[in-house]
file protein07.cif (mmCIF, C-alpha atoms)
data_input
loop_
_atom_site.label_atom_id
_atom_site.label_comp_id
_atom_site.auth_asym_id
_atom_site.auth_seq_id
_atom_site.Cartn_x
_atom_site.Cartn_y
_atom_site.Cartn_z
CA MET A 1 -28.82 -96.75 28.31
CA ALA A 2 -27.80 -99.95 26.54
CA ASP A 3 -26.71 -102.94 28.62
CA TYR A 4 -23.51 -104.89 28.15
CA VAL A 5 -23.78 -108.36 26.63
CA ALA A 6 -21.12 -111.05 26.52
CA ILE A 7 -19.56 -111.64 23.09
CA GLN A 8 -20.25 -115.31 22.31
CA ARG A 9 -19.32 -117.46 19.33
CA SER A 10 -22.75 -119.10 19.35
CA VAL A 11 -24.46 -115.72 18.99
CA HIS A 12 -21.96 -113.29 17.44
CA LEU A 13 -19.83 -115.47 15.15
CA ASN A 14 -20.56 -113.29 12.12
CA ALA A 15 -21.09 -110.00 13.94
CA GLY A 16 -18.82 -107.05 14.65
CA TYR A 17 -18.80 -103.36 15.54
CA THR A 18 -18.00 -99.98 14.00
CA PRO A 19 -14.96 -98.17 15.48
CA THR A 20 -15.61 -94.54 16.38
CA THR A 21 -13.80 -91.59 17.90
CA ASP A 22 -17.07 -89.90 18.89
CA LEU A 23 -16.99 -89.30 22.66
CA SER A 24 -20.37 -87.60 22.91
CA PHE A 25 -21.39 -90.24 25.47
CA THR A 26 -18.99 -88.59 27.94
CA ALA A 27 -20.63 -85.14 27.71
CA ARG A 28 -22.14 -85.32 31.22
CA MET A 29 -19.11 -86.79 32.98
CA ALA A 30 -17.50 -84.15 35.22
CA THR A 31 -14.75 -86.60 36.20
CA VAL A 32 -13.14 -89.62 34.57
CA PRO A 33 -11.54 -92.59 36.40
CA LEU A 34 -7.77 -92.81 35.92
CA LEU A 35 -5.08 -95.47 36.26
CA LYS A 36 -1.74 -94.86 37.96
CA GLU A 37 0.15 -95.35 34.69
CA GLU A 38 -1.81 -92.51 33.10
CA LEU A 39 -0.68 -89.78 35.51
CA PRO A 40 2.42 -88.62 33.56
CA TYR A 41 0.28 -88.10 30.46
CA ILE A 42 -2.97 -86.78 31.88
CA ILE A 43 -1.53 -84.13 34.22
CA GLN A 44 -0.22 -82.30 31.17
CA HIS A 45 -3.84 -81.56 30.30
CA MET A 46 -6.11 -81.71 33.34
CA ALA A 47 -6.12 -81.49 37.12
CA VAL A 48 -6.36 -84.75 39.02
CA GLY A 49 -8.11 -85.49 42.31
CA PHE A 50 -9.88 -88.18 44.29
CA VAL A 51 -13.57 -89.03 44.77
CA LYS A 52 -15.26 -91.52 47.04
CA ARG A 53 -16.04 -94.74 45.21
CA ALA A 54 -19.67 -95.23 44.31
CA GLY A 55 -21.23 -97.88 46.53
CA SER A 56 -18.23 -97.98 48.83
CA THR A 57 -19.09 -98.86 52.44
CA ASN A 58 -15.75 -97.81 53.92
CA ASP A 59 -15.24 -94.44 52.20
CA SER A 60 -12.50 -95.68 49.90
CA PHE A 61 -11.25 -93.39 47.14
CA GLU A 62 -10.44 -93.58 43.46
CA LEU A 63 -8.23 -91.42 41.25
CA VAL A 64 -10.04 -89.19 38.73
CA GLY A 65 -9.38 -86.45 36.21
CA LEU A 66 -11.38 -83.21 36.46
CA GLN A 67 -13.26 -82.33 33.30
CA SER A 68 -15.46 -79.54 34.68
CA LEU A 69 -15.98 -77.35 37.73
CA ALA A 70 -19.75 -77.89 37.43
CA PRO A 71 -21.70 -81.15 37.79
CA ASN A 72 -22.81 -83.16 34.75
CA LYS A 73 -20.55 -81.33 32.31
CA ASN A 74 -17.43 -82.38 30.45
CA TYR A 75 -15.52 -79.48 28.90
CA PHE A 76 -12.89 -81.75 27.34
CA VAL A 77 -15.24 -83.12 24.68
CA LEU A 78 -16.43 -80.85 21.90
CA PRO A 79 -20.13 -80.58 21.01
CA ASP A 80 -19.40 -82.67 17.91
CA GLY A 81 -17.90 -85.49 20.00
CA ARG A 82 -14.20 -84.77 19.44
CA TRP A 83 -11.78 -85.10 22.35
CA LEU A 84 -9.67 -82.00 23.03
CA CYS A 85 -6.47 -83.49 24.43
CA SER A 86 -3.72 -85.42 22.74
CA TYR A 87 -4.13 -88.14 25.39
CA SER A 88 -7.43 -89.99 25.90
CA PRO A 89 -7.99 -91.80 29.24
CA ALA A 90 -8.08 -95.60 29.16
CA PHE A 91 -11.61 -95.48 30.54
CA TYR A 92 -12.76 -93.86 27.28
CA ARG A 93 -10.57 -95.91 24.97
CA ALA A 94 -12.19 -99.08 26.32
CA HIS A 95 -15.63 -97.99 25.05
CA PRO A 96 -17.83 -99.81 24.04
CA PHE A 97 -16.14 -102.85 25.60
CA ALA A 98 -15.80 -104.10 29.17
CA LEU A 99 -14.97 -107.22 31.15
CA ARG A 100 -18.15 -108.29 32.95
CA SER A 101 -19.29 -111.21 35.06
CA TYR A 102 -22.80 -112.63 34.74
CA GLU A 103 -25.07 -114.56 37.06
CA GLN A 104 -24.60 -117.84 35.24
CA ASP A 105 -20.81 -117.55 35.23
CA ASN A 106 -18.57 -115.80 37.76
CA GLN A 107 -15.74 -115.55 35.23
CA LEU A 108 -15.14 -112.23 33.54
CA GLN A 109 -16.21 -112.19 29.91
CA LEU A 110 -15.42 -109.84 27.06
CA SER A 111 -18.59 -107.78 26.63
CA ILE A 112 -19.89 -104.94 24.50
CA LYS A 113 -22.73 -102.41 24.64
CA SER A 114 -25.66 -104.14 22.97
CA ASP A 115 -26.49 -101.19 20.72
CA CYS A 116 -22.96 -101.21 19.25
CA ILE A 117 -23.23 -104.71 17.76
CA ILE A 118 -23.37 -104.86 13.95
CA GLU A 119 -25.01 -108.10 12.82
CA ASN A 120 -23.77 -107.78 9.23
CA PRO A 121 -20.45 -105.89 9.41
CA SER A 122 -19.07 -104.18 6.34
CA GLU A 123 -15.44 -104.18 5.21
CA THR A 124 -14.76 -101.07 7.32
CA ASP A 125 -16.20 -102.64 10.47
CA ILE A 126 -14.31 -104.87 12.89
CA ARG A 127 -15.46 -108.49 13.13
CA PHE A 128 -15.43 -110.26 16.49
CA PHE A 129 -14.31 -113.67 15.21
CA GLU A 130 -12.22 -115.19 12.46
CA GLU A 131 -13.57 -117.97 10.27
CA ASP A 132 -11.92 -120.50 12.59
CA LYS A 133 -13.98 -119.03 15.47
CA THR A 134 -10.99 -117.44 17.23
CA LEU A 135 -11.02 -113.76 18.16
CA THR A 136 -9.74 -111.46 15.45
CA PRO A 137 -6.38 -109.74 16.13
CA ARG A 138 -8.14 -106.45 16.96
CA MET A 139 -10.41 -108.16 19.47
CA GLN A 140 -7.40 -109.89 21.01
CA GLU A 141 -5.79 -106.46 21.47
CA ILE A 142 -8.95 -105.15 23.12
CA LEU A 143 -9.13 -108.15 25.46
CA THR A 144 -5.50 -107.65 26.47
CA PHE A 145 -6.05 -103.93 27.00
CA LEU A 146 -9.11 -104.52 29.20
CA THR A 147 -7.31 -107.18 31.23
CA GLU A 148 -4.31 -104.92 31.85
CA SER A 149 -6.59 -101.97 32.67
CA LEU A 150 -8.51 -104.02 35.24
CA ARG A 151 -5.27 -105.14 36.87
CA SER A 152 -4.01 -101.55 36.94
CA ARG A 153 -7.30 -100.30 38.40
CA GLU A 154 -7.00 -102.72 41.30
CA ALA A 155 -3.42 -101.57 41.88
CA THR A 156 -4.44 -97.90 41.66
CA LEU A 157 -7.19 -98.41 44.26
CA LYS A 158 -4.62 -99.95 46.61
CA LEU A 159 -2.36 -96.91 46.21
CA CYS A 160 -5.30 -94.62 47.00
CA LYS A 161 -5.96 -96.72 50.10
CA ALA A 162 -2.33 -96.31 51.19
CA LEU A 163 -2.64 -92.53 50.84
CA GLN A 164 -5.90 -92.58 52.74
CA ASN A 165 -4.37 -94.63 55.57
CA ALA A 166 -1.58 -92.04 55.80
CA ASN A 167 -4.26 -89.33 56.30
CA LEU A 168 -3.14 -87.57 53.13
CA ILE A 169 -6.50 -87.41 51.31
CA VAL A 170 -8.62 -84.47 52.48
CA PRO A 171 -11.61 -82.49 51.11
CA TRP A 172 -10.71 -80.10 48.30
CA SER A 173 -12.54 -76.78 48.40
CA ILE A 174 -12.66 -75.23 44.94
CA SER A 175 -14.56 -72.01 44.27
CA TYR A 176 -15.60 -71.03 40.77
CA THR A 177 -17.97 -68.69 38.96
CA GLU A 178 -20.82 -69.83 36.75
CA ALA A 179 -23.29 -67.72 34.80
CA ASP A 180 -26.97 -68.10 35.67
CA GLU A 181 -29.87 -68.10 33.19
CA ASN A 182 -29.56 -64.31 32.90
CA ASN A 183 -25.81 -64.56 32.26
CA ASN A 184 -25.00 -63.07 35.66
CA PRO A 185 -21.94 -64.53 37.41
CA GLN A 186 -22.73 -66.66 40.45
CA ALA A 187 -20.19 -67.95 43.01
CA ARG A 188 -20.17 -71.73 43.35
CA THR A 189 -18.21 -74.28 45.38
CA LEU A 190 -17.24 -77.66 43.96
CA GLN A 191 -18.41 -80.50 46.20
CA GLY A 192 -17.30 -84.11 46.61
CA LEU A 193 -13.70 -83.76 45.50
CA TYR A 194 -10.56 -84.57 47.50
CA HIS A 195 -6.83 -83.92 47.13
CA ILE A 196 -3.49 -84.41 48.86
CA ASP A 197 -2.85 -82.40 52.03
CA SER A 198 0.59 -80.98 51.27
CA ASN A 199 1.09 -79.92 54.89
CA VAL A 200 0.58 -83.46 56.17
CA LEU A 201 2.76 -84.82 53.37
CA GLY A 202 5.59 -82.48 54.33
CA LYS A 203 5.46 -83.64 57.96
CA LEU A 204 5.34 -87.39 57.38
CA ALA A 205 8.02 -89.40 59.14
CA ALA A 206 10.83 -90.72 56.97
CA GLU A 207 9.76 -94.33 57.38
CA LYS A 208 6.20 -93.56 56.24
CA LEU A 209 7.48 -91.65 53.23
CA ALA A 210 9.75 -94.56 52.39
CA ALA A 211 6.85 -96.99 52.61
CA LEU A 212 4.66 -94.85 50.36
CA ASN A 213 7.51 -94.48 47.90
CA ALA A 214 8.20 -98.22 47.88
CA CYS A 215 4.61 -99.13 46.98
CA GLY A 216 4.26 -96.33 44.41
CA ALA A 217 1.69 -94.26 46.28
CA LEU A 218 4.05 -91.31 46.73
CA SER A 219 4.25 -90.73 42.97
CA VAL A 220 0.43 -90.62 42.85
CA ALA A 221 0.43 -88.06 45.66
CA TYR A 222 2.93 -85.79 43.92
CA GLY A 223 1.22 -86.28 40.56
CA GLN A 224 -2.07 -85.10 42.03
CA PHE A 225 -0.45 -82.16 43.82
CA PHE A 226 1.46 -80.92 40.76
CA SER A 227 -1.62 -81.23 38.54
CA GLU A 228 -3.65 -78.66 40.48
CA PRO A 229 -2.51 -75.60 38.47
CA ARG A 230 -4.33 -77.09 35.47
CA LEU A 231 -7.58 -76.05 37.14
CA LYS A 232 -7.23 -72.69 35.40
CA ASP A 233 -7.74 -74.40 32.05
CA LEU A 234 -11.25 -75.44 33.08
CA THR A 235 -12.20 -71.77 33.23
CA THR A 236 -10.87 -71.28 29.70
CA LEU A 237 -12.82 -74.29 28.49
CA GLN A 238 -15.96 -73.07 30.24
CA ASP A 239 -15.63 -69.71 28.49
CA GLY A 240 -15.20 -71.50 25.17
CA TYR A 241 -18.39 -73.44 25.69
CA ARG A 242 -20.24 -70.29 26.64
CA ASP A 243 -19.07 -68.67 23.38
CA TRP A 244 -20.30 -71.68 21.45
CA GLN A 245 -23.68 -71.62 23.20
CA ASP A 246 -24.00 -67.91 22.46
CA GLN A 247 -23.38 -68.55 18.78
CA GLN A 248 -25.90 -71.39 18.78
CA SER A 249 -28.57 -69.21 20.34
CA LYS A 250 -28.35 -66.54 17.64
CA GLN A 251 -31.07 -66.77 15.02
CA ASN A 252 -29.88 -67.75 11.56
CA ALA A 253 -26.32 -68.03 12.84
CA SER A 254 -23.92 -69.85 10.61
CA GLU A 255 -22.40 -73.10 11.87
CA PRO A 256 -19.79 -72.11 14.50
CA ASP A 257 -16.15 -72.96 13.92
CA LEU A 258 -15.38 -75.25 16.86
CA ASP A 259 -11.66 -75.22 16.11
CA ASP A 260 -11.65 -71.44 16.29
CA ILE A 261 -13.56 -71.37 19.58
CA PHE A 262 -11.64 -74.15 21.31
CA GLY A 263 -8.52 -74.77 19.32
CA ASN A 264 -6.21 -71.79 19.16
CA LYS A 265 -5.71 -70.62 22.74
CA ASP A 266 -2.84 -72.76 24.01
CA ASP A 267 -1.27 -76.18 23.72
CA LEU A 268 -4.02 -77.76 25.82
CA PHE A 269 -6.28 -77.82 22.77
CA SER A 270 -4.37 -80.06 20.42
CA PHE A 271 -6.10 -82.76 18.47
#
call {"tool": "encode", "arguments": {"input": "protein07.cif", "output": "structure tokens"}}
result
Amino acid sequence: MADYVAIQRSVHLNAGYTPTTDLSFTARMATVPLLKEELPYIIQHMAVGFVKRAGSTNDSFELVGLQSLAPNKNYFVLPDGRWLCSYSPAFYRAHPFALRSYEQDNQLQLSIKSDCIIENPSETDIRFFEEDKTLTPRMQEILTFLTESLRSREATLKLCKALQNANLIVPWSISYTEADENNNPQARTLQGLYHIDSNVLGKLAAEKLAALNACGALSVAYGQFFSEPRLKDLTTLQDGYRDWQDQQSKQNASEPDLDDIFGNKDDLFSF
């Protein structure tokens, strides 16, 4: 996997990158991190939950969207890299950029995946810098987007902490069926996911509800709770992928129509 490198005038003055909508790099992501502002858009398409933060020493949680009921699979990205929903999470739209700090400088710097740098960009590519060595307008937009996303992520983590402190985040037991290598259905249980305990939420004292509402955590709780019916769509997506795999496994099969397999079942699959 390519490392991030800081975009520097001394190194990348004449360089750039090629914009792409190919999200194949997300194919093994069963969940995607979300920001609080994204909830109204994302819950139209996918169920939302919580997972423990990687490397967290105090079992803190982050908000995520569910993209599969099985590990290491993302049913919201087509085999050809297209994204199924009309809304793409900010985490994906940031790719291949990030704000990173480096050992020699504690300040966050605009960075990019090293394998995405184009040393001699064409007219259709995006340059990093203008001739006067300032960031191009597109790169300014990306820097602003990343800065706002980082600020929102910190705020979202605080809201998750408020829900956790109110004892509202509990393990989420989700059972599903997955075909084995012989195409026989096998019962599975999704591990590592958490959701809002609606019973505890309904019994919270008025002052605690008011506090959660004032800080914005209550809207996250209700957004997560009301997104849960979207779990059924993951089964539909899983079936679509199984159909595609079946077509791929047939000898001398013609190229499958991905739009036909994934695109005409309900409004979830709009491009």
call {"tool": "residues_around", "arguments": {"input": "protein07.cif", "residues": "Glu207 in chain A", "least_positions_apart": "6", "cutoff": "12 Å", "atoms": "all atoms listed in the file", "output": "mmCIF file with C-alpha atoms, in the coordinates of the input"}}
result
data_model
loop_
_atom_site.group_PDB
_atom_site.id
_atom_site.type_symbol
_atom_site.label_atom_id
_atom_site.label_comp_id
_atom_site.auth_asym_id
_atom_site.auth_seq_id
_atom_site.Cartn_x
_atom_site.Cartn_y
_atom_site.Cartn_z
ATOM 1 C CA ALA A 166 -1.580 -92.040 55.800
ATOM 2 C CA ASN A 213 7.510 -94.480 47.900
ATOM 3 C CA ALA A 214 8.200 -98.220 47.880
#
call {"tool": "residues_around", "arguments": {"input": "protein07.cif", "residues": "Leu234 in chain A", "least_positions_apart": "2", "cutoff": "9 Å", "atoms": "all atoms listed in the file", "output": "NGL selection string"}}
result
:A and (46-47 or 66-69 or 75-76 or 230-232 or 236-239)
call {"tool": "resolve_selection", "arguments": {"input": "protein07.cif", "expression": "the PyMOL selection byres ((chain A and resi 71-74) around 12)", "output": "VMD selection string"}}
result
chain A and resid 23 to 32 46 65 to 70 75 to 79 81 to 84 178 188 to 193 234 237 to 238 241
call {"tool": "atom_distance", "arguments": {"input": "protein07.cif", "atom1": "CA of Ala155 in chain A", "atom2": "CA of Ser173 in chain A"}}
result
27.2 Å
call {"tool": "residues_around", "arguments": {"input": "protein07.cif", "residues": "Leu157 in chain A", "least_positions_apart": "6", "cutoff": "8 Å", "atoms": "only C-alpha atoms", "output": "list in words"}}
result
Phe61, Glu62 and Leu63 of chain A
call {"tool": "resolve_selection", "arguments": {"input": "protein07.cif", "expression": "the PyMOL selection byres ((chain A and resi 130) around 12)", "output": "VMD selection string"}}
result
chain A and resid 9 12 to 16 126 to 129 131 to 140
call {"tool": "write_last_selection", "arguments": {"input": "protein07.cif", "atoms": "C-alpha atoms", "output": "compact mmCIF listing (two decimals), in the coordinates of the input"}}
result
# COMPACT_ATOMS: atom_id res chain seq x y z
CA ARG A 9 -19.32 -117.46 19.33
CA HIS A 12 -21.96 -113.29 17.44
CA LEU A 13 -19.83 -115.47 15.15
CA ASN A 14 -20.56 -113.29 12.12
CA ALA A 15 -21.09 -110.00 13.94
CA GLY A 16 -18.82 -107.05 14.65
CA ILE A 126 -14.31 -104.87 12.89
CA ARG A 127 -15.46 -108.49 13.13
CA PHE A 128 -15.43 -110.26 16.49
CA PHE A 129 -14.31 -113.67 15.21
CA GLU A 131 -13.57 -117.97 10.27
CA ASP A 132 -11.92 -120.50 12.59
CA LYS A 133 -13.98 -119.03 15.47
CA THR A 134 -10.99 -117.44 17.23
CA LEU A 135 -11.02 -113.76 18.16
CA THR A 136 -9.74 -111.46 15.45
CA PRO A 137 -6.38 -109.74 16.13
CA ARG A 138 -8.14 -106.45 16.96
CA MET A 139 -10.41 -108.16 19.47
CA GLN A 140 -7.40 -109.89 21.01
call {"tool": "closest_residue", "arguments": {"input": "protein07.cif", "among": "A:Gln44, A:Gln247, A:Ser152, A:Thr18", "to": "Ser227 in chain A", "atoms": "all atoms listed in the file"}}
result
A:Gln44
call {"tool": "residues_around", "arguments": {"input": "protein07.cif", "residues": "Pro96 in chain A", "least_positions_apart": "5", "cutoff": "8 Å", "atoms": "only C-alpha atoms", "output": "tab-separated table (two decimals) with C-alpha atoms, in the frame of the given file"}}
result
chain	number	residue	atom	x	y	z
A	112	ILE	CA	-19.89	-104.94	24.50
A	113	LYS	CA	-22.73	-102.41	24.64
A	116	CYS	CA	-22.96	-101.21	19.25
call {"tool": "decode", "arguments": {"input": "protein07.cif", "residues": "range 52-96 of chain A", "atoms": "C-alpha atoms", "output": "compact mmCIF listing (two decimals), in the first residue's frame"}}
result
# COMPACT_ATOMS: atom_id res chain seq x y z
CA LYS A 52 -14.55 0.76 18.70
CA ARG A 53 -11.79 3.03 17.46
CA ALA A 54 -8.67 1.26 16.29
CA GLY A 55 -5.87 1.73 18.80
CA SER A 56 -8.19 3.23 21.38
CA THR A 57 -7.14 2.54 24.98
CA ASN A 58 -10.41 3.58 26.58
CA ASP A 59 -12.91 1.80 24.30
CA SER A 60 -14.09 4.97 22.59
CA PHE A 61 -16.39 4.68 19.59
CA GLU A 62 -16.72 6.14 16.13
CA LEU A 63 -19.70 6.44 13.79
CA VAL A 64 -19.65 4.19 10.70
CA GLY A 65 -21.81 3.14 7.78
CA LEU A 66 -22.41 -0.58 7.19
CA GLN A 67 -21.40 -1.75 3.73
CA SER A 68 -21.60 -5.50 4.31
CA LEU A 69 -22.76 -8.11 6.79
CA ALA A 70 -19.53 -10.07 6.19
CA PRO A 71 -15.96 -8.99 6.97
CA ASN A 72 -13.67 -7.56 4.28
CA LYS A 73 -16.46 -6.94 1.79
CA ASN A 74 -18.08 -3.75 0.51
CA TYR A 75 -21.33 -4.33 -1.35
CA PHE A 76 -21.79 -0.64 -2.16
CA VAL A 77 -19.00 -0.55 -4.73
CA LEU A 78 -19.44 -2.39 -8.01
CA PRO A 79 -16.76 -4.76 -9.33
CA ASP A 80 -15.82 -2.08 -11.87
CA GLY A 81 -15.23 0.51 -9.12
CA ARG A 82 -18.48 2.47 -9.41
CA TRP A 83 -20.24 3.62 -6.25
CA LEU A 84 -23.88 2.54 -5.96
CA CYS A 85 -25.41 5.39 -3.96
CA SER A 86 -26.18 8.94 -4.93
CA TYR A 87 -24.22 10.10 -1.87
CA SER A 88 -20.55 9.24 -1.37
CA PRO A 89 -19.10 9.49 2.18
CA ALA A 90 -16.57 12.25 2.83
CA PHE A 91 -14.02 9.60 3.77
CA TYR A 92 -14.04 8.38 0.16
CA ARG A 93 -14.28 11.80 -1.46
CA ALA A 94 -11.05 12.80 0.30
CA HIS A 95 -9.08 10.07 -1.52
CA PRO A 96 -6.19 10.22 -2.39
